[in-house]
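Below: one structure, written as structure tokens.
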Protein chains: 2
Amino acid sequence: MPSLFSNISQPAIHVDPDEQIELRARAAGEHRATALAHPNIAFIKYWGNTDHLQRLPANPSLSMNLADLYTVTTVAFEAALTEDLLIINGTSVTGPGLARVTTSLDLIRTEASLNLAARVESESNFPVGSGIASSAAAFAALSVAGAAAAGLALSEAALSRLARRGSGSACRSVPAGYCQWLTGDDQTSVAASLAGADHWDLRDLVVIVSQEHKSVGSTGGHQIADTSSLQPARVAGAESRLAACRQALLARDLAAMGPVIEEDTIIMHAVMMSGHPPLYYWHPATMALIQATQQWRQEGLPVYFTIDAGPNVHLICEAQHAPAVEAAARRIPGVQNVLTSRAGGPARLIEF
Amino acid sequence: MPSLFSNISQPAIHVDPDEQIELRARAAGEHRATALAHPNIAFIKYWGNTDHLQRLPANPSLSMNLADLYTVTTVAFEAALTEDLLIINGTSVTGPGLARVTTSLDLIRTEASLNLAARVESESNFPVGSGIASSAAAFAALSVAGAAAAGLALSEAALSRLARRGSGSACRSVPAGYCQWLTGDDQTSVAASLAGADHWDLRDLVVIVSQEHKSVGSTGGHQIADTSSLQPARVAGAESRLAACRQALLARDLAAMGPVIEEDTIIMHAVMMSGHPPLYYWHPATMALIQATQQWRQEGLPVYFTIDAGPNVHLICEAQHAPAVEAAARRIPGVQNVLTSRAGGPARLIEF
């Protein structure tokens, strides 16, 4: 089959970030839709649930969608299928990966009273399993495409909820730009946009130090968050860190936001490293980048780090400093690549 | 002047670790004494005070003296001097370093009703300022030598208190072997031996990844411990970690003790990295050693890490595994040297 990317403009930077999510049901007879969604980078992290099945988060979080990274997913409900099929980047996936997609499709099928298996084809332009929140983009795209293919006209909040049930942070990839995900129950714990992608031209420089698939994924990690003696303090402080981050974001004040996002990252990784069993996601080059970021700021370059559940480091800066930050990052031993992204739009249906 | 080491056996491993602390006052007319003290490696860390001036710790801690590393200090109260003199490793020290020694000497002079300035000469056989607790050995030796030179016959507890006033963890270098330092007031917060050095033939392999003097020393670090939102959780959990560590130590059960000391290390560094300002002591090679330690255990080598306020990593194992651990550590990129030490005896007067 041709690449799913062959039909969309490259890179996604050219897709209008303010494009409305098309919530119209597809032609009923077709049962097929394609959606594009971006991963997001959390400035205030999600780590740990109050309900693992419903993926209700222990604390609120805040993130930025990444325009230049994306997943494109086509969902087709077909009468000829006897069971769901999942193809990721051209490879058929079975086992737990397929089961997780089927669980999301079941929510859609129940809502739509639809009794058809689906073919799901998904492609991403970024490495999966390396702390770039690949599951966030994947489940946001799956939810938007799946709902449309099933003929459901869902609100952004309902799509965000659906995405959350597949992968918690996926709910933040449904609305546009800079998003906040609040705690709540299964209906109310959804993400909403705080500001569109054009509010502030921040750049995320994703510094790749490893493309290995991590040994413990986020879902497993969330389930052991409570085994750390530091998790209660992390959760208790998240609200005030989020408030400080949100205020700085709305004021476009990186000098105020940066220290908060670095602290929030450290606290999440402290919980990971002090759990039972401990999760050590950092590599030597991760530590080199943490140290270097402090040094670069002392030298006058305004840049801050954040790190998701993996070894790669996200360097956050304003657009005008991105070239200098990228050059500096590429000089650090162990850095394999740097992917730069603007703030991104919402998950959305695309023609395919 | 000849090296202070010229008069003691090399290495200190040959000094009998069960030697009694000689508390006899020196001949009154002489006002001069020399003491040897070992640094110690904490298994349960000291970080943060309830009283900075008196160095009363926020939590109890537990450590092992390091026989093969030592500081030898001579204190001579001399009528000819108009002010205290401090010579460390052959170099005259003034400013804050001298002032801190004078503060300790003042406690001794007050206790002894002595009104003489002192010449203090100190030498160590290990790099200072690299997280090997150089100040612990220094202030333990200073206290034992200074008290004897002033003609004071102090108990071990009183010497431990005196050392604590100079540098908190120095109180743990006064008793022998494996020591516990409890919280309390200025009189009661002292260290005592849980077990002598011959209780368990553990080895500490100090893996040197940097010999640079750290930019923020322990005294400054203790003063900002309370700025981390994680410090209350660290302090609240220290008592139970110490109880678990003590029980495993007394049972010589490294498989039980190891995970506790790794967790305690992570939690202390989490407090450091999440403080205001954050303190990032780890280097890339530090992270490599943390990761490698997990790997080595999976491969059957029973070894655990602990890290003080610096980048160097202490690998703790039983004697029979020390050669394999050292060989493995030396293969990690960035490792400069490995110093191996047995459990050590108390701070003690030596002939000089």
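Identifiers in the structure tokens: chain A, B, ... in order shown; residue index from 1 per chain; ligand index from 1 in order shown.
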### Task
For range 159-172 of chain A, please output as a count of residues only all residues within 7 Å (counting only C-alpha atoms; exclusion window: fewer than 3 positions along the same chain).
22
### Task
Please report as an NGL selection string which residues of chain B come no farther than 9 Å from chain A, using only C-alpha atoms.
:B and (229-230 or 232-234 or 237 or 262-264 or 266-267 or 269-271 or 273-275 or 278 or 280-291)
Let's have the selection written as a compact mmCIF listing (two decimals), in the first residue's frame, with N, CA, C and O atoms.
```
# COMPACT_ATOMS: atom_id res chain seq x y z
N SER B 229 10.15 20.61 47.62
CA SER B 229 8.83 20.12 48.05
C SER B 229 8.90 18.64 48.44
O SER B 229 7.94 18.11 48.99
N LEU B 230 10.02 17.98 48.13
CA LEU B 230 10.14 16.55 48.45
C LEU B 230 10.81 16.30 49.80
O LEU B 230 10.81 15.17 50.29
N PRO B 232 10.04 17.09 52.97
CA PRO B 232 9.23 16.51 54.05
C PRO B 232 9.00 15.00 53.89
O PRO B 232 9.08 14.24 54.86
N ALA B 233 8.76 14.56 52.64
CA ALA B 233 8.56 13.12 52.41
C ALA B 233 9.86 12.36 52.66
O ALA B 233 9.85 11.24 53.19
N ARG B 234 10.99 12.98 52.29
CA ARG B 234 12.28 12.32 52.52
C ARG B 234 12.51 12.12 54.03
O ARG B 234 12.87 11.02 54.48
N GLY B 237 10.21 9.52 55.67
CA GLY B 237 10.50 8.12 55.37
C GLY B 237 11.85 7.64 55.87
O GLY B 237 12.14 6.44 55.82
N GLU B 262 19.98 2.29 47.82
CA GLU B 262 19.80 2.93 46.51
C GLU B 262 18.61 3.88 46.54
O GLU B 262 18.68 5.01 46.06
N GLU B 263 17.51 3.43 47.15
CA GLU B 263 16.33 4.29 47.22
C GLU B 263 16.63 5.55 48.02
O GLU B 263 16.24 6.66 47.64
N ASP B 264 17.35 5.39 49.14
CA ASP B 264 17.66 6.55 49.96
C ASP B 264 18.52 7.56 49.21
O ASP B 264 18.35 8.78 49.32
N ILE B 266 18.60 7.95 45.89
CA ILE B 266 17.75 8.60 44.88
C ILE B 266 16.91 9.70 45.51
O ILE B 266 16.78 10.81 44.97
N ILE B 267 16.36 9.41 46.68
CA ILE B 267 15.48 10.39 47.32
C ILE B 267 16.27 11.63 47.75
O ILE B 267 15.79 12.76 47.60
N HIS B 269 19.02 12.79 46.26
CA HIS B 269 19.33 13.56 45.05
C HIS B 269 18.08 14.17 44.44
O HIS B 269 18.16 15.23 43.80
N ALA B 270 16.93 13.55 44.63
CA ALA B 270 15.68 14.14 44.18
C ALA B 270 15.43 15.45 44.91
O ALA B 270 15.00 16.45 44.30
N VAL B 271 15.70 15.46 46.22
CA VAL B 271 15.56 16.70 47.00
C VAL B 271 16.54 17.75 46.47
O VAL B 271 16.19 18.92 46.27
N MET B 273 17.90 18.02 43.48
CA MET B 273 17.58 18.47 42.11
C MET B 273 16.28 19.25 42.03
O MET B 273 16.05 19.95 41.06
N SER B 274 15.44 19.11 43.08
CA SER B 274 14.16 19.83 43.04
C SER B 274 14.15 21.02 43.99
O SER B 274 13.09 21.60 44.24
N GLY B 275 15.30 21.40 44.51
CA GLY B 275 15.37 22.55 45.40
C GLY B 275 15.47 23.86 44.63
O GLY B 275 15.52 23.89 43.41
N PRO B 278 18.11 24.40 42.17
CA PRO B 278 18.38 22.97 42.10
C PRO B 278 19.88 22.69 42.12
O PRO B 278 20.68 23.48 41.63
N TYR B 280 22.44 19.86 40.78
CA TYR B 280 22.60 18.68 39.94
C TYR B 280 24.02 18.15 40.12
O TYR B 280 24.94 18.62 39.46
N TYR B 281 24.19 17.20 41.03
CA TYR B 281 25.53 16.69 41.29
C TYR B 281 25.94 15.61 40.31
O TYR B 281 27.12 15.34 40.14
N TRP B 282 24.98 14.94 39.67
CA TRP B 282 25.32 13.80 38.82
C TRP B 282 25.95 14.24 37.52
O TRP B 282 25.55 15.22 36.90
N HIS B 283 26.93 13.47 37.09
CA HIS B 283 27.55 13.63 35.77
C HIS B 283 27.02 12.52 34.86
O HIS B 283 26.38 11.57 35.33
N PRO B 284 27.33 12.60 33.54
CA PRO B 284 26.93 11.49 32.66
C PRO B 284 27.45 10.14 33.15
O PRO B 284 26.71 9.15 33.14
N ALA B 285 28.69 10.10 33.62
CA ALA B 285 29.24 8.82 34.08
C ALA B 285 28.54 8.34 35.36
O ALA B 285 28.48 7.14 35.62
N THR B 286 28.04 9.28 36.17
CA THR B 286 27.26 8.89 37.35
C THR B 286 26.04 8.09 36.90
O THR B 286 25.73 7.03 37.45
N MET B 287 25.35 8.64 35.90
CA MET B 287 24.14 7.97 35.39
C MET B 287 24.51 6.62 34.76
O MET B 287 23.78 5.64 34.92
N ALA B 288 25.64 6.58 34.07
CA ALA B 288 26.08 5.32 33.47
C ALA B 288 26.29 4.26 34.55
O ALA B 288 25.92 3.09 34.38
N LEU B 289 26.85 4.67 35.69
CA LEU B 289 27.10 3.72 36.77
C LEU B 289 25.81 3.28 37.46
O LEU B 289 25.68 2.13 37.87
N ILE B 290 24.86 4.21 37.59
CA ILE B 290 23.55 3.83 38.15
C ILE B 290 22.91 2.76 37.27
O ILE B 290 22.42 1.73 37.75
N GLN B 291 22.90 3.01 35.96
CA GLN B 291 22.32 2.04 35.02
C GLN B 291 23.10 0.72 35.05
O GLN B 291 22.52 -0.37 35.06
```
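CA of Val335 in chain A lies 12.0 Å from CA of Leu205 in chain A.
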### Message
Residues of range 84-250 of chain A classed as helix (DSSP H, G or I) by DSSP on the backbone are to be reported as a ChimeraX atom specification.
### Response
/A:96-112,134-149,156-166,168-173,197-199,218-227,231-250
### Message
For a quick check of understanding, using only C-alpha atoms, which of B:Asp84, B:Val174, B:Met64, B:Ala238 has the smallest distance to Leu349 in chain B?
### Response
B:Val174
#### Entry: Spatial neighbours of Asn125 in chain B, max dist 9 Å, only C-alpha atoms, sep filter under 4 positions, as a ChimeraX atom specification
/B:5,68-72
Dump N, CA and C atoms for the selected residues as a PDB file, in the first residue's frame?
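Final output, saved to out_20.pdb:
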```
ATOM      1  N   PHE B   5      51.977  11.879  56.812  1.00  0.00           N
ATOM      2  CA  PHE B   5      51.814  10.446  56.597  1.00  0.00           C
ATOM      3  C   PHE B   5      53.109   9.666  56.828  1.00  0.00           C
ATOM      4  N   ASP B  68      40.492   2.645  54.361  1.00  0.00           N
ATOM      5  CA  ASP B  68      41.636   2.932  53.487  1.00  0.00           C
ATOM      6  C   ASP B  68      41.753   4.386  53.072  1.00  0.00           C
ATOM      7  N   LEU B  69      40.796   5.192  53.495  1.00  0.00           N
ATOM      8  CA  LEU B  69      40.872   6.631  53.258  1.00  0.00           C
ATOM      9  C   LEU B  69      40.980   7.292  54.621  1.00  0.00           C
ATOM     10  N   TYR B  70      41.821   8.299  54.723  1.00  0.00           N
ATOM     11  CA  TYR B  70      41.962   8.901  56.043  1.00  0.00           C
ATOM     12  C   TYR B  70      42.527  10.303  55.955  1.00  0.00           C
ATOM     13  N   THR B  71      42.259  11.024  57.024  1.00  0.00           N
ATOM     14  CA  THR B  71      42.831  12.346  57.229  1.00  0.00           C
ATOM     15  C   THR B  71      43.601  12.304  58.536  1.00  0.00           C
ATOM     16  N   VAL B  72      44.802  12.861  58.525  1.00  0.00           N
ATOM     17  CA  VAL B  72      45.621  12.951  59.734  1.00  0.00           C
ATOM     18  C   VAL B  72      45.785  14.431  60.060  1.00  0.00           C
TER      19      VAL B  72
END
```
### Task
Name all residues at most 12 Å from Gly300 in chain B (count only C-alpha atoms; drop same-chain ones fewer than 5 positions away) and give them as a PyMOL selection string.
chain B and resi 255+293-295+321+324-325
### Task
Compare A:Leu62, A:Ile208, A:Ile88, A:Leu339 by their minimum atom-to-atom distance to Phe43 in chain A, counting only C-alpha atoms, and give me the closest one.
A:Leu62
### Task
To one decimal in Å, tell me the separation between CA of Glu239 in chain B and CA of Thr50 in chain B.
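These two atoms are separated by 15.5 Å.
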### Query
Between A:Gly221, A:Pro346, A:Gly97, A:Gly258, which one has atoms that come closest to Thr306 in chain A, using only C-alpha atoms?
A:Gly258
### Message
Between CA of Arg203 in chain A and CA of Arg246 in chain A, what distance in Å does the model show, to one decimal?
### Response
16.9 Å
